[in-house]
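Undergrad: Take a look at the following structure, please.
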Amino acid sequence: MLYADYNGSAPLLPEVREYLKKRMDSELFANPNAIHSIGQKLSRGMEKCRALIAEAVGAYPDQIIFNSGSSEGVSTILHSVLEYAPKDKKIVITSALEHAAVLKALSWYKERRGFEILLADIDQNGVVKVNELKKLMEKHAGKIALVTIMASQNETGVIEPFEQIAKLCREQNVLYFSDTTQFIGKAEFHFEKSGVDFAVCAGHKIGALSGSGFIIAKDPTVIHSLVFGSTQERGLRGGTQHYIGIETLAIALSDFKEKGHKLKDLEASRRWFEQDVKQAFPKAVVIADDVPRLPGTTLIGYPGLHGQAVQIELESHDIFVTTSAACTDNQPETSQVLKAMGIHDDLGRGVIRISLSYSHGQKDYEFLANTLKSAYAKLIKIHSF
Ligand SMILES: Cc1ncc(COP(=O)(O)O)c(C=O)c1O
C-alpha cells in the first residue's frame, strides 16, 4: 500500500501513534486552564509544546496561537487585519492560486465590508511575478490593508517567492500573510527569517492530529479572536485548547526538525520518478516542471486521459492519490488553479496529484513509476490514442 495524498492529509506519524497509545492510558485529562494540579500539569505541558513548536518553526513561543487548523487560522488572520483596518485601507492583494479558505473569506470581505480584492499576476507555472506585484503595490500605495499570497501551492506544489514578497511588503509597510499550510513540515521554514507577518499550520498536514493547528503572528497583539470565549491563548482564541492535539503537533514538528535533512533525497527520487515516466511516455506532462516545488509533490497528466481513470487504476494497486486537491477531488473538471495557469481541459482534467513526505524514498517512487506506467499503457490502449 502506498498512501500518496500527504497534501490532502498526512497519516499520523508512527511517533505520534506510539505516543497516543500510551497517552490514552494516562490519567492526564482535564481542563488545562484549571488551577488544580492536573490542569496545571497539562498547562505546563502545553507551554512546553509551544516552546518546542516555536523553536521548530523559527518563532518565539508567544507568537504561537493554538487553534483547530488552517481554515480557522486563515479566517482569524483575515478577520484580525481586515475588520480592524484603517478606513482608507480597503485593498487586499492576493492570487488566484489561493485555497478556498482565503478566497471565500476575501469574497465575504468584498461583499460585506467593501474591500477591493486584486489578483497578483502569475506566470504559466503559477509563480507570482514579483516585479508586477511591486508595480501593483506602488500604484495603490497607502491603500493596501493586506497582501496574502501562499508559500506553496497545494495542488502543484509550486513554491512561491514568499520571502521576496515579504521583503517587498516590509519596504512598503504593508502587512503580509503567507498561507504556509503546505509548507510547514514539508520544506524548511523559519518564520523570523521569512519576514512574513502571519503564517498558519494544520496538524493533519504534518502527521499530527486533525483538529489541531496554530497561527504564527509576528505581533500577536494584532490578533483578534474570531471565537468569543474565555481568556484561553491569552485571550487571542476562545475555547478550551485541544491539548492532546497540541502534544501531537510538538511531536510532529520535532520529528521534522530531526529528519528534515531527508528532503533532499525525497526531491531527488521525485525528480527521478518524473523523468522515468516522461521518458516512457513523452506526452506526459509534469505541471510546473521547471520551477521549485515541494520536495514530495508531483502533479502529472497525460493529455486526453481522465485523471479519475488513472486514479482508479492506481487504487486497484493500492496506491492512493487525488486528481487535484483532496477537497475538490470529486469534481471532474480542470481545477481553478490550473485554469488560472492557462492549462486547457485536455490536460487539466487528466492530472493526478502525488504527494509524499520525508519518510518516503526511492523505493516508493519506483513502485509509483512502474504502476503509473502500466496504468498509462493500459488506458492509452483502451482509448486507442
Ligand atoms: C493551502 C491550504 N490552505 C488552507 C487549507 C485548509 O486547511 P484545514 O483543512 O486545516 O482547514 C488547506 C487544506 O487543504 C490548504 O491546502
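Chain labels run A, B, ... following the order of the C-alpha cells; each chain numbers its residues from 1, and ligands are numbered from 1 in the order shown.
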Residues at most 9 Å from ligand 1, using only C-alpha atoms and all ligand atoms? Could they come as a ChimeraX atom specification?
TA: /A:7-9,68-74,97-102,150-155,179-183,200-205,210-213,325-327
Undergrad: Could you list, as a VMD selection string, every residue within 9 Å of Ala187 of chain A, counting only C-alpha atoms and ignoring same-chain residues fewer than 5 positions away?
TA: chain A and resid 182 260 263 294 to 295
Undergrad: Just checking: using only C-alpha atoms, which residue out of A:His140, A:Ile352, A:Lys186, A:Ala268 ends up closest to Gln308 of chain A?
TA: A:Ile352
Undergrad: List every residue of segment 165-310 of chain A that DSSP, applied to the backbone of this structure, assigns to alpha helix (DSSP H), and report them as number ranges by chain.
TA: A: 165-171, 191-194, 243-259, 263-280, 307-310
Undergrad: Within segment 146-285 of chain A, find each residue whose DSSP state, derived from the backbone, is strand (DSSP E or B), and express the selection as a list of chain:residue names.
TA: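 For segment 146-285 of chain A, the strand (DSSP E or B) set is A:Leu146, A:Val147, A:Thr148, A:Ser152, A:Val158, A:Ile159, A:Tyr176, A:Phe177, A:Ile184, A:Ala187, A:Phe198, A:Ala199, A:Val200, A:Cys201, A:Ala202, A:Gly213, A:Phe214, A:Ile215, A:Ile216, A:Ala217, A:Val285.
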Undergrad: Write to file, as a compact mmCIF listing (two decimals), in the first residue's frame, the residues of the selection just made, with C-alpha atoms.
TA:
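And here is the file that came out, out_11.txt:
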# COMPACT_ATOMS: atom_id res chain seq x y z
CA LEU A 146 -3.01 43.22 3.37
CA VAL A 147 -1.12 41.10 0.87
CA THR A 148 -1.98 37.42 1.13
CA SER A 152 3.45 26.76 -1.63
CA VAL A 158 4.94 25.23 -6.58
CA ILE A 159 6.89 27.29 -4.07
CA TYR A 176 1.78 40.16 4.65
CA PHE A 177 0.08 36.84 5.38
CA ILE A 184 5.49 23.92 7.26
CA ALA A 187 10.01 22.18 3.48
CA PHE A 198 1.43 35.83 9.69
CA ALA A 199 1.66 32.11 8.95
CA VAL A 200 -0.54 29.08 9.66
CA CYS A 201 -0.13 25.35 10.26
CA ALA A 202 -2.60 22.44 10.32
CA GLY A 213 -3.12 23.74 14.42
CA PHE A 214 -1.75 27.21 15.07
CA ILE A 215 -1.19 30.72 13.82
CA ILE A 216 2.20 32.36 13.95
CA ALA A 217 1.92 36.11 14.32
CA VAL A 285 3.29 16.48 -18.59
Undergrad: Need the shell around Cys169 of chain A: protein/DNA/RNA residues with any atom at most 12 Å away, counting only C-alpha atoms. Skip same-chain ones fewer than 5 positions apart. Format as a PyMOL selection string?
TA: chain A and resi 93+130+133-134+136-138+141-142+144-149+162-164+174-178+194-197
Undergrad: Limited to C-alpha atoms, could you put the picked residues into a file as a PDB file, in the first residue's frame?
TA:
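Saved result, selection08.pdb, follows:
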ATOM      1  CA  ILE A  93      -3.819  41.798  -2.888  1.00  0.00           C
ATOM      2  CA  VAL A 130       7.212  39.800  -8.017  1.00  0.00           C
ATOM      3  CA  LEU A 133       3.324  42.777  -7.753  1.00  0.00           C
ATOM      4  CA  LYS A 134       5.710  45.597  -6.860  1.00  0.00           C
ATOM      5  CA  LEU A 136       0.652  46.953  -8.332  1.00  0.00           C
ATOM      6  CA  MET A 137       1.593  47.779  -4.757  1.00  0.00           C
ATOM      7  CA  GLU A 138       3.169  51.071  -5.799  1.00  0.00           C
ATOM      8  CA  ALA A 141       0.404  52.730  -2.114  1.00  0.00           C
ATOM      9  CA  GLY A 142      -1.169  53.711   1.192  1.00  0.00           C
ATOM     10  CA  ILE A 144      -3.465  48.278   0.883  1.00  0.00           C
ATOM     11  CA  ALA A 145      -4.649  46.571   4.066  1.00  0.00           C
ATOM     12  CA  LEU A 146      -3.008  43.221   3.374  1.00  0.00           C
ATOM     13  CA  VAL A 147      -1.120  41.098   0.870  1.00  0.00           C
ATOM     14  CA  THR A 148      -1.981  37.416   1.127  1.00  0.00           C
ATOM     15  CA  ILE A 149      -0.037  35.048  -1.128  1.00  0.00           C
ATOM     16  CA  PHE A 162       7.164  34.439  -0.396  1.00  0.00           C
ATOM     17  CA  GLU A 163      10.403  35.704   1.136  1.00  0.00           C
ATOM     18  CA  GLN A 164      10.804  38.214  -1.690  1.00  0.00           C
ATOM     19  CA  VAL A 174       2.091  46.548   4.221  1.00  0.00           C
ATOM     20  CA  LEU A 175       1.108  43.513   6.293  1.00  0.00           C
ATOM     21  CA  TYR A 176       1.782  40.161   4.649  1.00  0.00           C
ATOM     22  CA  PHE A 177       0.083  36.843   5.377  1.00  0.00           C
ATOM     23  CA  SER A 178       1.507  33.781   3.657  1.00  0.00           C
ATOM     24  CA  SER A 194      10.974  34.527   6.163  1.00  0.00           C
ATOM     25  CA  GLY A 195       9.894  38.061   7.088  1.00  0.00           C
ATOM     26  CA  VAL A 196       6.166  37.268   6.814  1.00  0.00           C
ATOM     27  CA  ASP A 197       3.786  38.788   9.360  1.00  0.00           C
TER      28      ASP A 197
END
Undergrad: Any chance you could tabulate, as JSON lines, the residues of segment 103-143 of chain A at most 8 Å from segment 330-349 of chain A with each one's nearest atom pair and distance in Å to one decimal, using only C-alpha atoms, in chain and rising number order?
TA:
{"residue": "A:Ile122", "atom": "CA", "partner": "A:Met341", "partner_atom": "CA", "distance": 7.4}
{"residue": "A:Asp123", "atom": "CA", "partner": "A:Met341", "partner_atom": "CA", "distance": 6.9}
{"residue": "A:Gln124", "atom": "CA", "partner": "A:Met341", "partner_atom": "CA", "distance": 5.1}
{"residue": "A:Asn125", "atom": "CA", "partner": "A:Met341", "partner_atom": "CA", "distance": 6.5}
{"residue": "A:Gly126", "atom": "CA", "partner": "A:Met341", "partner_atom": "CA", "distance": 5.5}
Undergrad: Would you give me, as a tab-separated table, each residue of segment 180-268 of chain A having an atom within 8 Å of an atom of segment 44-56 of chain A, along with its shortest atom pair and that distance in Å to one decimal, using only C-alpha atoms and sorting by chain and residue number?
TA:
residue	atom	partner	partner_atom	distance
A:His190	CA	A:Ala56	CA	7.9
A:Tyr243	CA	A:Met46	CA	6.5
A:Ile246	CA	A:Cys49	CA	6.8
A:Glu247	CA	A:Cys49	CA	6.1
A:Leu249	CA	A:Ile53	CA	7.4
A:Ala250	CA	A:Cys49	CA	5.2
A:Leu253	CA	A:Ala56	CA	6.2
A:Ser254	CA	A:Ala56	CA	6.5
A:Lys257	CA	A:Ala56	CA	6.1
Undergrad: Which one is closest to Thr221 of chain A: A:Asp62, A:Glu313, A:Asp5, A:Asp289? Count only C-alpha atoms.
TA: A:Asp62
Undergrad: List the neighbours of Lys90 of chain A out to 10 Å using only C-alpha atoms; skip same-chain residues closer than 3 positions along the sequence, and give me the result as a list in words.
TA: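 Non-adjacent residues within range: Leu82, Ala85, Pro86, Lys87, Tyr109, Lys110, Arg113, Gly114, Phe115, Glu116, Ile117, Gly142, Lys143, Ile144, Ala145 and Leu146 of chain A.
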Undergrad: Would you kindly return, as number ranges by chain, each protein, DNA or RNA residue with an atom no farther than 10 Å from any atom of Arg17 of chain A, considering only C-alpha atoms and excluding same-chain residues fewer than 6 positions away?
TA: A: 11, 23, 207-209, 248
Undergrad: Filtering to N, CA and C atoms, could you give me those residues as a compact mmCIF listing (two decimals), in the first residue's frame?
TA:
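As written to disk, again-v7.txt reads:
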# COMPACT_ATOMS: atom_id res chain seq x y z
N PRO A 11 -1.10 10.81 7.11
CA PRO A 11 -1.48 9.88 8.19
C PRO A 11 -0.70 10.22 9.46
N ARG A 23 -0.48 7.59 25.80
CA ARG A 23 -1.15 8.78 26.35
C ARG A 23 -2.59 8.48 26.77
N GLY A 207 1.11 15.04 10.03
CA GLY A 207 1.18 13.78 10.79
C GLY A 207 0.78 13.91 12.24
N ALA A 208 0.22 15.06 12.60
CA ALA A 208 -0.33 15.24 13.96
C ALA A 208 -1.84 15.05 13.87
N LEU A 209 -2.54 15.23 14.99
CA LEU A 209 -3.99 15.00 14.97
C LEU A 209 -4.74 16.08 14.19
N THR A 248 0.60 16.42 19.94
CA THR A 248 1.00 15.73 18.69
C THR A 248 1.66 16.70 17.72
Undergrad: Do a neighbour search on segment 278-282 of chain A at 12 Å with only C-alpha atoms, toss out local chain neighbours closer than 5 positions, and write the hits as an MDAnalysis selection string.
TA: chainID A and resid 271:273 287 289 300:303 369:370 372:377 380
Undergrad: Just to be explicit: take each residue in the selection above, keep N, CA, C and O atoms, and write the result as a tab-separated table (two decimals), in the first residue's frame.
TA:
chain	number	residue	atom	x	y	z
A	271	ARG	N	12.33	13.61	-8.65
A	271	ARG	CA	12.82	14.00	-9.98
A	271	ARG	C	13.05	12.76	-10.84
A	271	ARG	O	12.73	12.74	-12.02
A	272	TRP	N	13.65	11.75	-10.22
A	272	TRP	CA	13.91	10.50	-10.96
A	272	TRP	C	12.59	9.92	-11.48
A	272	TRP	O	12.48	9.54	-12.65
A	273	PHE	N	11.59	9.88	-10.62
A	273	PHE	CA	10.27	9.34	-10.96
A	273	PHE	C	9.67	10.10	-12.15
A	273	PHE	O	9.20	9.50	-13.13
A	287	ILE	N	3.27	19.21	-14.30
A	287	ILE	CA	2.90	20.62	-14.20
A	287	ILE	C	3.96	21.38	-13.39
A	287	ILE	O	4.41	20.91	-12.34
A	289	ASP	N	7.03	21.90	-14.12
A	289	ASP	CA	8.21	21.04	-14.08
A	289	ASP	C	9.50	21.80	-13.72
A	289	ASP	O	10.35	21.29	-12.98
A	300	ILE	N	0.86	15.40	-12.29
A	300	ILE	CA	1.24	14.88	-13.61
A	300	ILE	C	0.00	14.47	-14.39
A	300	ILE	O	-0.97	13.96	-13.81
A	301	GLY	N	0.02	14.74	-15.69
A	301	GLY	CA	-1.14	14.40	-16.52
A	301	GLY	C	-0.73	13.86	-17.87
A	301	GLY	O	0.41	14.08	-18.32
A	302	TYR	N	-1.67	13.18	-18.48
A	302	TYR	CA	-1.45	12.70	-19.84
A	302	TYR	C	-2.63	13.23	-20.65
A	302	TYR	O	-3.79	12.85	-20.38
A	303	PRO	N	-2.36	14.14	-21.61
A	303	PRO	CA	-3.48	14.78	-22.32
A	303	PRO	C	-4.45	13.75	-22.90
A	303	PRO	O	-4.04	12.78	-23.53
A	369	ALA	N	6.32	4.70	-10.17
A	369	ALA	CA	6.68	4.81	-11.60
A	369	ALA	C	6.18	3.58	-12.35
A	369	ALA	O	5.52	3.71	-13.38
A	370	ASN	N	6.45	2.41	-11.82
A	370	ASN	CA	6.04	1.19	-12.51
A	370	ASN	C	4.53	1.10	-12.63
A	370	ASN	O	3.99	0.76	-13.68
A	372	LEU	N	2.30	3.58	-12.43
A	372	LEU	CA	1.74	4.65	-13.27
A	372	LEU	C	1.98	4.34	-14.76
A	372	LEU	O	1.10	4.54	-15.61
A	373	LYS	N	3.16	3.82	-15.06
A	373	LYS	CA	3.46	3.49	-16.47
A	373	LYS	C	2.51	2.40	-16.97
A	373	LYS	O	2.00	2.47	-18.08
A	374	SER	N	2.26	1.39	-16.12
A	374	SER	CA	1.30	0.33	-16.53
A	374	SER	C	-0.09	0.92	-16.71
A	374	SER	O	-0.82	0.54	-17.63
A	375	ALA	N	-0.46	1.84	-15.80
A	375	ALA	CA	-1.80	2.44	-15.89
A	375	ALA	C	-1.93	3.22	-17.19
A	375	ALA	O	-2.92	3.09	-17.92
A	376	TYR	N	-0.92	4.04	-17.52
A	376	TYR	CA	-0.96	4.81	-18.76
A	376	TYR	C	-1.04	3.86	-19.96
A	376	TYR	O	-1.86	4.05	-20.87
A	377	ALA	N	-0.21	2.83	-19.95
A	377	ALA	CA	-0.19	1.89	-21.10
A	377	ALA	C	-1.58	1.27	-21.29
A	377	ALA	O	-2.11	1.24	-22.40
A	380	ILE	N	-4.20	4.06	-22.38
A	380	ILE	CA	-3.94	4.55	-23.74
A	380	ILE	C	-4.44	3.49	-24.75
A	380	ILE	O	-5.03	3.82	-25.77
Undergrad: Report as an mmCIF file with N, CA and C atoms, in the first residue's frame all protein, DNA and RNA residues lying within 12 Å of Thr371 of chain A, evaluated on only C-alpha atoms, omitting residues in the same chain fewer than 3 positions from it.
TA:
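The resulting file, result.cif, is reproduced below:
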data_model
loop_
_atom_site.group_PDB
_atom_site.id
_atom_site.type_symbol
_atom_site.label_atom_id
_atom_site.label_comp_id
_atom_site.auth_asym_id
_atom_site.auth_seq_id
_atom_site.Cartn_x
_atom_site.Cartn_y
_atom_site.Cartn_z
ATOM 1 N N MET A 1 0.839 -1.205 0.000
ATOM 2 C CA MET A 1 0.000 0.000 0.000
ATOM 3 C C MET A 1 0.879 1.261 0.000
ATOM 4 N N LEU A 2 0.497 2.215 -0.829
ATOM 5 C CA LEU A 2 1.218 3.487 -0.790
ATOM 6 C C LEU A 2 0.192 4.630 -0.745
ATOM 7 N N PHE A 273 11.589 9.881 -10.616
ATOM 8 C CA PHE A 273 10.269 9.341 -10.955
ATOM 9 C C PHE A 273 9.665 10.096 -12.155
ATOM 10 N N ASP A 276 11.517 9.322 -15.324
ATOM 11 C CA ASP A 276 11.275 7.941 -15.741
ATOM 12 C C ASP A 276 9.930 7.839 -16.480
ATOM 13 N N VAL A 277 8.905 8.462 -15.924
ATOM 14 C CA VAL A 277 7.581 8.384 -16.550
ATOM 15 C C VAL A 277 7.588 9.155 -17.876
ATOM 16 N N VAL A 310 -7.079 7.267 -14.162
ATOM 17 C CA VAL A 310 -5.716 6.944 -13.709
ATOM 18 C C VAL A 310 -5.733 6.682 -12.201
ATOM 19 N N GLN A 311 -6.456 7.524 -11.502
ATOM 20 C CA GLN A 311 -6.575 7.389 -10.046
ATOM 21 C C GLN A 311 -7.135 6.011 -9.674
ATOM 22 N N ILE A 312 -8.206 5.611 -10.364
ATOM 23 C CA ILE A 312 -8.842 4.321 -10.059
ATOM 24 C C ILE A 312 -7.892 3.173 -10.375
ATOM 25 N N GLU A 313 -7.199 3.320 -11.501
ATOM 26 C CA GLU A 313 -6.217 2.289 -11.902
ATOM 27 C C GLU A 313 -5.128 2.142 -10.821
ATOM 28 N N LEU A 314 -4.646 3.277 -10.323
ATOM 29 C CA LEU A 314 -3.609 3.224 -9.278
ATOM 30 C C LEU A 314 -4.175 2.609 -7.991
ATOM 31 N N GLU A 315 -5.404 2.971 -7.692
ATOM 32 C CA GLU A 315 -6.004 2.458 -6.455
ATOM 33 C C GLU A 315 -6.175 0.937 -6.511
ATOM 34 N N SER A 316 -6.390 0.413 -7.713
ATOM 35 C CA SER A 316 -6.514 -1.047 -7.819
ATOM 36 C C SER A 316 -5.171 -1.716 -7.479
ATOM 37 N N HIS A 317 -4.100 -0.919 -7.433
ATOM 38 C CA HIS A 317 -2.793 -1.430 -6.989
ATOM 39 C C HIS A 317 -2.422 -0.859 -5.617
ATOM 40 N N ASP A 318 -3.434 -0.404 -4.907
ATOM 41 C CA ASP A 318 -3.222 0.080 -3.541
ATOM 42 C C ASP A 318 -2.368 1.346 -3.444
ATOM 43 N N ILE A 319 -2.483 2.182 -4.475
ATOM 44 C CA ILE A 319 -1.804 3.492 -4.407
ATOM 45 C C ILE A 319 -2.901 4.552 -4.363
ATOM 46 N N PHE A 320 -2.837 5.417 -3.349
ATOM 47 C CA PHE A 320 -3.912 6.381 -3.131
ATOM 48 C C PHE A 320 -3.443 7.798 -3.471
ATOM 49 N N ASP A 364 9.609 3.847 -2.942
ATOM 50 C CA ASP A 364 8.216 4.263 -3.135
ATOM 51 C C ASP A 364 8.023 4.838 -4.538
ATOM 52 N N TYR A 365 9.004 5.641 -4.962
ATOM 53 C CA TYR A 365 8.877 6.245 -6.290
ATOM 54 C C TYR A 365 9.036 5.208 -7.401
ATOM 55 N N GLU A 366 9.810 4.155 -7.144
ATOM 56 C CA GLU A 366 9.928 3.085 -8.161
ATOM 57 C C GLU A 366 8.588 2.364 -8.301
ATOM 58 N N PHE A 367 7.967 2.081 -7.168
ATOM 59 C CA PHE A 367 6.643 1.439 -7.175
ATOM 60 C C PHE A 367 5.642 2.324 -7.938
ATOM 61 N N LEU A 368 5.690 3.624 -7.634
ATOM 62 C CA LEU A 368 4.797 4.573 -8.301
ATOM 63 C C LEU A 368 5.044 4.622 -9.800
ATOM 64 N N SER A 374 2.256 1.391 -16.123
ATOM 65 C CA SER A 374 1.305 0.329 -16.525
ATOM 66 C C SER A 374 -0.093 0.915 -16.714
ATOM 67 N N ALA A 375 -0.465 1.837 -15.796
ATOM 68 C CA ALA A 375 -1.804 2.445 -15.887
ATOM 69 C C ALA A 375 -1.929 3.224 -17.195
ATOM 70 N N TYR A 376 -0.921 4.044 -17.515
ATOM 71 C CA TYR A 376 -0.959 4.808 -18.762
ATOM 72 C C TYR A 376 -1.045 3.860 -19.961
ATOM 73 N N ALA A 377 -0.212 2.825 -19.953
ATOM 74 C CA ALA A 377 -0.185 1.888 -21.096
ATOM 75 C C ALA A 377 -1.579 1.275 -21.286
ATOM 76 N N LYS A 378 -2.169 0.839 -20.168
ATOM 77 C CA LYS A 378 -3.482 0.200 -20.240
ATOM 78 C C LYS A 378 -4.551 1.183 -20.755
#
Undergrad: Using only C-alpha atoms, which of A:Ile206, A:Ile35, A:Ala120, A:Val286 sits nearest Phe256 of chain A?
TA: A:Ile206
Undergrad: Kindly give the distance, in Å, that separates atom CA of His306 of chain A and atom CA of Tyr358 of chain A, rounded to a single decimal.
TA: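 Atom-to-atom, atom CA of His306 of chain A and atom CA of Tyr358 of chain A are spaced 28.9 Å apart.
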